[in-house]
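Notes follow once the structure below has been shown.
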Amino acid sequence: MTGLRFDTYDWNGGREAMLRFGPESGPIVIAALPLFEEANRTRQFTCTILRALADHGIGSILPDVPGSGESVVATIDAKLSDQRRAYRALKQRLGTRSYALSIRSGALLDTDADLAGRWHLAPQTGCDLLRDLERTRAAAGKSDRGDEYAGNRLSPEMLAELRDAVPREDGGRYRVVRLDTDPRAADATYAGAPLWRRSEPGNDIALAQQLAADISHWIASCEG
Amino acid sequence: MLVIFEGTSQVETTVRAVLADILGLSADRVATFTADTPLFGALPELDSMAVASVLTELEDRLGILIEDDEIDGEMLETFGALVQFAAGKALV
């Protein structure tokens, strides 16, 4: 039972889909994709990391949050507070050995959950995400087209919640990993291209394996 | 021909790497870029969405801030123009 499985989880606003990889006992990793367009660009890469984690004997979950992926919640109705609540509800059914693997603005989703640790890849603040969205929208020449940002319609509530949202570094163990081209402070850096900014979705199997090894060692040190 | 200024080689290397990484171009291909190599309008990979990603990635790697009103067609016209623009931001 270590192959890919489809499952669901409930939160007080409904039911969302999730993928499970690897064993269901032992430490469990909850992966959070970046919000919006970057999710499409990193989904395959994230699944490669999670498969590699399963090879290290670590189980993981890749949930949809309300308004993402296969969610029945429309993007225009998505709220960061709901997404955090859904993440928290998922965590609560998993027990104490749960670790966040959050990529870019996915790091804004794990803030309210009681986790043993958080591992963030190139985490992004809500403010920086909004700047990216505005610039992409301006570049596409749609700055006067209301609530549409790079193909996603976003509510004023979502935009307001993002403005002050920052990744959480306290509460359990914390590790931040970046690409070696990123000059900001990190616990470790790895060589690779920022797939989240590529126009065409891509993958980097070598990097995914290195990151899975990093996560596996880190979890072992957290639990040791 | 545009002169790529002394002291900008680090910036030039960064611009080259960003174009390769964001547009998915091979290192060999971006290595052939000269100051005169046309970019916007000449590289099909560099559409308006990709322009936003390239500029934001340059900001992150060089620790610079590009205001939206500074973004115009001229700075993206050639590789040399983009390096010159980035160097002007990074080396002040």
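Here's how to read the names in the structure tokens: chain A, B, ... by the order shown, residue numbers from 1 in each chain, ligand numbers from 1 in the order shown.
Near chain A, counting only C-alpha atoms at 10 Å, the chain B residues are B:Thr14, B:Ala17, B:Val18, B:Ala20, B:Asp21, B:Ile22, B:Leu23, B:Gly24, B:Glu45, B:Leu46, B:Asp47, B:Ser48, B:Met49, B:Ala50, B:Val51, B:Ala52, B:Ser53, B:Val54, B:Leu55, B:Thr56, B:Glu57, B:Asp60, B:Arg61, B:Leu62, B:Gly63, B:Glu67, B:Asp68, B:Ile71.
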Could you take the residues named above and write them with N, CA and C atoms, as a compact mmCIF listing (two decimals), in the first residue's frame?
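Once everything was written out, this is selection.txt:
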# COMPACT_ATOMS: atom_id res chain seq x y z
N THR B 14 23.94 36.78 -14.72
CA THR B 14 22.64 36.57 -14.07
C THR B 14 21.51 36.70 -15.08
N ALA B 17 21.38 33.63 -17.20
CA ALA B 17 20.85 32.47 -16.47
C ALA B 17 19.34 32.59 -16.28
N VAL B 18 18.87 33.80 -16.01
CA VAL B 18 17.43 34.00 -15.81
C VAL B 18 16.66 33.70 -17.10
N ALA B 20 17.56 31.70 -19.47
CA ALA B 20 17.59 30.25 -19.67
C ALA B 20 16.57 29.56 -18.75
N ASP B 21 16.60 29.94 -17.47
CA ASP B 21 15.77 29.25 -16.49
C ASP B 21 14.28 29.52 -16.68
N ILE B 22 13.92 30.76 -16.96
CA ILE B 22 12.50 31.12 -17.02
C ILE B 22 11.90 30.74 -18.37
N LEU B 23 12.67 30.93 -19.45
CA LEU B 23 12.11 30.64 -20.78
C LEU B 23 12.36 29.20 -21.20
N GLY B 24 13.12 28.46 -20.39
CA GLY B 24 13.41 27.07 -20.73
C GLY B 24 14.33 26.95 -21.93
N GLU B 45 9.38 32.41 -26.93
CA GLU B 45 9.19 32.02 -25.52
C GLU B 45 8.93 33.24 -24.64
N LEU B 46 9.38 34.40 -25.09
CA LEU B 46 9.27 35.60 -24.26
C LEU B 46 7.95 36.33 -24.56
N ASP B 47 6.84 35.74 -24.06
CA ASP B 47 5.56 36.43 -24.21
C ASP B 47 5.37 37.37 -23.02
N SER B 48 4.23 38.05 -22.98
CA SER B 48 4.07 39.08 -21.95
C SER B 48 4.05 38.50 -20.54
N MET B 49 3.50 37.29 -20.38
CA MET B 49 3.52 36.64 -19.07
C MET B 49 4.95 36.34 -18.65
N ALA B 50 5.74 35.86 -19.63
CA ALA B 50 7.13 35.51 -19.32
C ALA B 50 7.95 36.75 -18.99
N VAL B 51 7.60 37.89 -19.61
CA VAL B 51 8.31 39.14 -19.29
C VAL B 51 8.18 39.42 -17.79
N ALA B 52 6.97 39.28 -17.26
CA ALA B 52 6.74 39.53 -15.84
C ALA B 52 7.60 38.59 -14.99
N SER B 53 7.66 37.31 -15.39
CA SER B 53 8.45 36.35 -14.62
C SER B 53 9.94 36.66 -14.69
N VAL B 54 10.43 37.03 -15.87
CA VAL B 54 11.85 37.35 -16.04
C VAL B 54 12.23 38.54 -15.15
N LEU B 55 11.40 39.58 -15.18
CA LEU B 55 11.73 40.77 -14.39
C LEU B 55 11.69 40.48 -12.89
N THR B 56 10.70 39.71 -12.46
CA THR B 56 10.58 39.40 -11.04
C THR B 56 11.74 38.52 -10.58
N GLU B 57 12.14 37.58 -11.42
CA GLU B 57 13.27 36.73 -11.08
C GLU B 57 14.57 37.55 -11.02
N ASP B 60 14.69 39.30 -7.73
CA ASP B 60 15.06 38.42 -6.62
C ASP B 60 16.56 38.12 -6.63
N ARG B 61 17.09 37.80 -7.80
CA ARG B 61 18.49 37.37 -7.85
C ARG B 61 19.46 38.52 -7.65
N LEU B 62 19.09 39.71 -8.14
CA LEU B 62 20.00 40.85 -8.05
C LEU B 62 19.69 41.73 -6.84
N GLY B 63 18.61 41.43 -6.14
CA GLY B 63 18.24 42.27 -4.99
C GLY B 63 17.87 43.68 -5.41
N GLU B 67 10.32 49.29 -10.80
CA GLU B 67 8.98 49.88 -10.74
C GLU B 67 8.25 49.59 -12.06
N ASP B 68 6.93 49.41 -11.94
CA ASP B 68 6.17 49.04 -13.14
C ASP B 68 6.27 50.10 -14.23
N ILE B 71 9.07 49.75 -16.82
CA ILE B 71 9.07 48.65 -17.78
C ILE B 71 8.58 49.17 -19.13
Next item on the list: Would you kindly return, as a list in words, each protein, DNA or RNA residue with an atom no farther than 10 Å from any atom of Ala39 (chain A), considering only C-alpha atoms and excluding same-chain residues fewer than 5 positions away?
Entry: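 Listing them by chain and then by number gives Ala32, Leu33, Pro34, Gln44, Thr46, Ser68, Gly69, Ile103, Arg104, Ser105, Gly106, Trp196 and Pro201 of chain A.
Picture a line from CA of Ile49 (chain A) to CA of Leu62 (chain A); it runs 11.0 Å.
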Note to self: Quick check for you: according to DSSP on this backbone, which residues of region 13-181 of chain A are classed as alpha helix (DSSP H)? Reply as a PyMOL selection string.
What the structure shows: chain A and resi 37-55+80-92+126-139+156-163
Item checked: Contact residues around Ile66 (chain B) with only C-alpha atoms at 10 Å, ignoring same-chain residues under 6 positions, as a PyMOL selection string -> chain B and resi 55-56+58-59+85-86+89
Enumerate, as a PDB file with N, CA and C atoms, in the first residue's frame, the complete set of residues in region 27-174 of chain A that a backbone-based DSSP assignment places in strand (DSSP E or B).
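What ended up in out_21.pdb:
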ATOM      1  N   ILE A  28       4.254  11.900   8.705  1.00  0.00           N
ATOM      2  CA  ILE A  28       3.505  12.174   7.479  1.00  0.00           C
ATOM      3  C   ILE A  28       3.773  13.614   7.035  1.00  0.00           C
ATOM      4  N   VAL A  29       3.967  13.768   5.747  1.00  0.00           N
ATOM      5  CA  VAL A  29       4.256  15.082   5.170  1.00  0.00           C
ATOM      6  C   VAL A  29       2.991  15.586   4.475  1.00  0.00           C
ATOM      7  N   ILE A  30       2.609  16.823   4.786  1.00  0.00           N
ATOM      8  CA  ILE A  30       1.492  17.466   4.076  1.00  0.00           C
ATOM      9  C   ILE A  30       2.088  18.490   3.117  1.00  0.00           C
ATOM     10  N   ALA A  31       1.905  18.250   1.822  1.00  0.00           N
ATOM     11  CA  ALA A  31       2.465  19.160   0.821  1.00  0.00           C
ATOM     12  C   ALA A  31       1.465  20.262   0.506  1.00  0.00           C
ATOM     13  N   ALA A  32       1.947  21.474   0.394  1.00  0.00           N
ATOM     14  CA  ALA A  32       1.099  22.602  -0.015  1.00  0.00           C
ATOM     15  C   ALA A  32       1.708  23.245  -1.253  1.00  0.00           C
ATOM     16  N   GLY A  59       5.475   8.718   4.273  1.00  0.00           N
ATOM     17  CA  GLY A  59       4.199   8.925   3.609  1.00  0.00           C
ATOM     18  C   GLY A  59       3.881  10.400   3.476  1.00  0.00           C
ATOM     19  N   SER A  60       3.026  10.717   2.506  1.00  0.00           N
ATOM     20  CA  SER A  60       2.692  12.127   2.303  1.00  0.00           C
ATOM     21  C   SER A  60       1.305  12.285   1.717  1.00  0.00           C
ATOM     22  N   ILE A  61       0.835  13.515   1.806  1.00  0.00           N
ATOM     23  CA  ILE A  61      -0.485  13.882   1.302  1.00  0.00           C
ATOM     24  C   ILE A  61      -0.349  15.164   0.496  1.00  0.00           C
ATOM     25  N   LEU A  62      -1.007  15.177  -0.661  1.00  0.00           N
ATOM     26  CA  LEU A  62      -1.088  16.419  -1.441  1.00  0.00           C
ATOM     27  C   LEU A  62      -2.567  16.794  -1.534  1.00  0.00           C
ATOM     28  N   PRO A  63      -3.025  17.677  -0.643  1.00  0.00           N
ATOM     29  CA  PRO A  63      -4.452  18.025  -0.640  1.00  0.00           C
ATOM     30  C   PRO A  63      -4.777  19.159  -1.607  1.00  0.00           C
ATOM     31  N   SER A  98       3.219  15.158  12.095  1.00  0.00           N
ATOM     32  CA  SER A  98       2.902  15.748  10.793  1.00  0.00           C
ATOM     33  C   SER A  98       3.840  16.914  10.506  1.00  0.00           C
ATOM     34  N   TYR A  99       4.330  16.945   9.285  1.00  0.00           N
ATOM     35  CA  TYR A  99       5.289  17.970   8.870  1.00  0.00           C
ATOM     36  C   TYR A  99       4.780  18.645   7.597  1.00  0.00           C
ATOM     37  N   ALA A 100       4.954  19.967   7.540  1.00  0.00           N
ATOM     38  CA  ALA A 100       4.569  20.703   6.337  1.00  0.00           C
ATOM     39  C   ALA A 100       5.712  20.690   5.331  1.00  0.00           C
ATOM     40  N   LEU A 101       5.372  20.457   4.079  1.00  0.00           N
ATOM     41  CA  LEU A 101       6.277  20.676   2.948  1.00  0.00           C
ATOM     42  C   LEU A 101       5.573  21.719   2.087  1.00  0.00           C
ATOM     43  N   SER A 102       5.949  22.964   2.262  1.00  0.00           N
ATOM     44  CA  SER A 102       5.210  24.033   1.592  1.00  0.00           C
ATOM     45  C   SER A 102       6.104  24.740   0.590  1.00  0.00           C
ATOM     46  N   ILE A 103       5.558  24.938  -0.597  1.00  0.00           N
ATOM     47  CA  ILE A 103       6.329  25.516  -1.688  1.00  0.00           C
ATOM     48  C   ILE A 103       5.791  26.910  -2.010  1.00  0.00           C
ATOM     49  N   GLY A 117       6.729  20.265  12.487  1.00  0.00           N
ATOM     50  CA  GLY A 117       7.744  21.088  11.832  1.00  0.00           C
ATOM     51  C   GLY A 117       7.256  21.591  10.486  1.00  0.00           C
ATOM     52  N   ARG A 118       7.937  22.609  10.020  1.00  0.00           N
ATOM     53  CA  ARG A 118       7.612  23.198   8.709  1.00  0.00           C
ATOM     54  C   ARG A 118       8.877  23.243   7.876  1.00  0.00           C
ATOM     55  N   TRP A 119       8.793  22.710   6.647  1.00  0.00           N
ATOM     56  CA  TRP A 119       9.899  22.738   5.687  1.00  0.00           C
ATOM     57  C   TRP A 119       9.399  23.555   4.494  1.00  0.00           C
ATOM     58  N   HIS A 120      10.034  24.684   4.261  1.00  0.00           N
ATOM     59  CA  HIS A 120       9.564  25.600   3.220  1.00  0.00           C
ATOM     60  C   HIS A 120      10.574  25.707   2.086  1.00  0.00           C
ATOM     61  N   LEU A 121      10.090  25.583   0.858  1.00  0.00           N
ATOM     62  CA  LEU A 121      10.932  25.793  -0.325  1.00  0.00           C
ATOM     63  C   LEU A 121      10.620  27.170  -0.912  1.00  0.00           C
ATOM     64  N   GLU A 148      -9.723  39.784 -12.591  1.00  0.00           N
ATOM     65  CA  GLU A 148      -8.987  38.690 -13.217  1.00  0.00           C
ATOM     66  C   GLU A 148      -7.469  38.891 -13.118  1.00  0.00           C
ATOM     67  N   TYR A 149      -6.804  37.897 -12.551  1.00  0.00           N
ATOM     68  CA  TYR A 149      -5.352  37.922 -12.407  1.00  0.00           C
ATOM     69  C   TYR A 149      -4.777  36.685 -13.067  1.00  0.00           C
ATOM     70  N   ASN A 152      -7.030  33.862 -13.298  1.00  0.00           N
ATOM     71  CA  ASN A 152      -7.786  33.523 -12.099  1.00  0.00           C
ATOM     72  C   ASN A 152      -8.605  34.732 -11.664  1.00  0.00           C
ATOM     73  N   ARG A 153      -9.902  34.505 -11.368  1.00  0.00           N
ATOM     74  CA  ARG A 153     -10.711  35.597 -10.824  1.00  0.00           C
ATOM     75  C   ARG A 153     -10.630  35.537  -9.305  1.00  0.00           C
ATOM     76  N   ARG A 173       9.622  22.703  14.636  1.00  0.00           N
ATOM     77  CA  ARG A 173      10.901  22.890  13.943  1.00  0.00           C
ATOM     78  C   ARG A 173      10.665  23.619  12.625  1.00  0.00           C
ATOM     79  N   TYR A 174      11.703  24.338  12.188  1.00  0.00           N
ATOM     80  CA  TYR A 174      11.568  25.091  10.935  1.00  0.00           C
ATOM     81  C   TYR A 174      12.830  24.945  10.093  1.00  0.00           C
TER      82      TYR A 174
END
Check: Quick one: distance from CA of Cys47 (chain A) to CA of Gly22 (chain A) in Å, one decimal?
Finding: 11.5 Å
Next item on the list: Using only C-alpha atoms, find the one residue out of A:Met18, A:Val65, A:Ala116, A:Leu53 that sits nearest to Gly171 (chain A).
Entry: A:Ala116
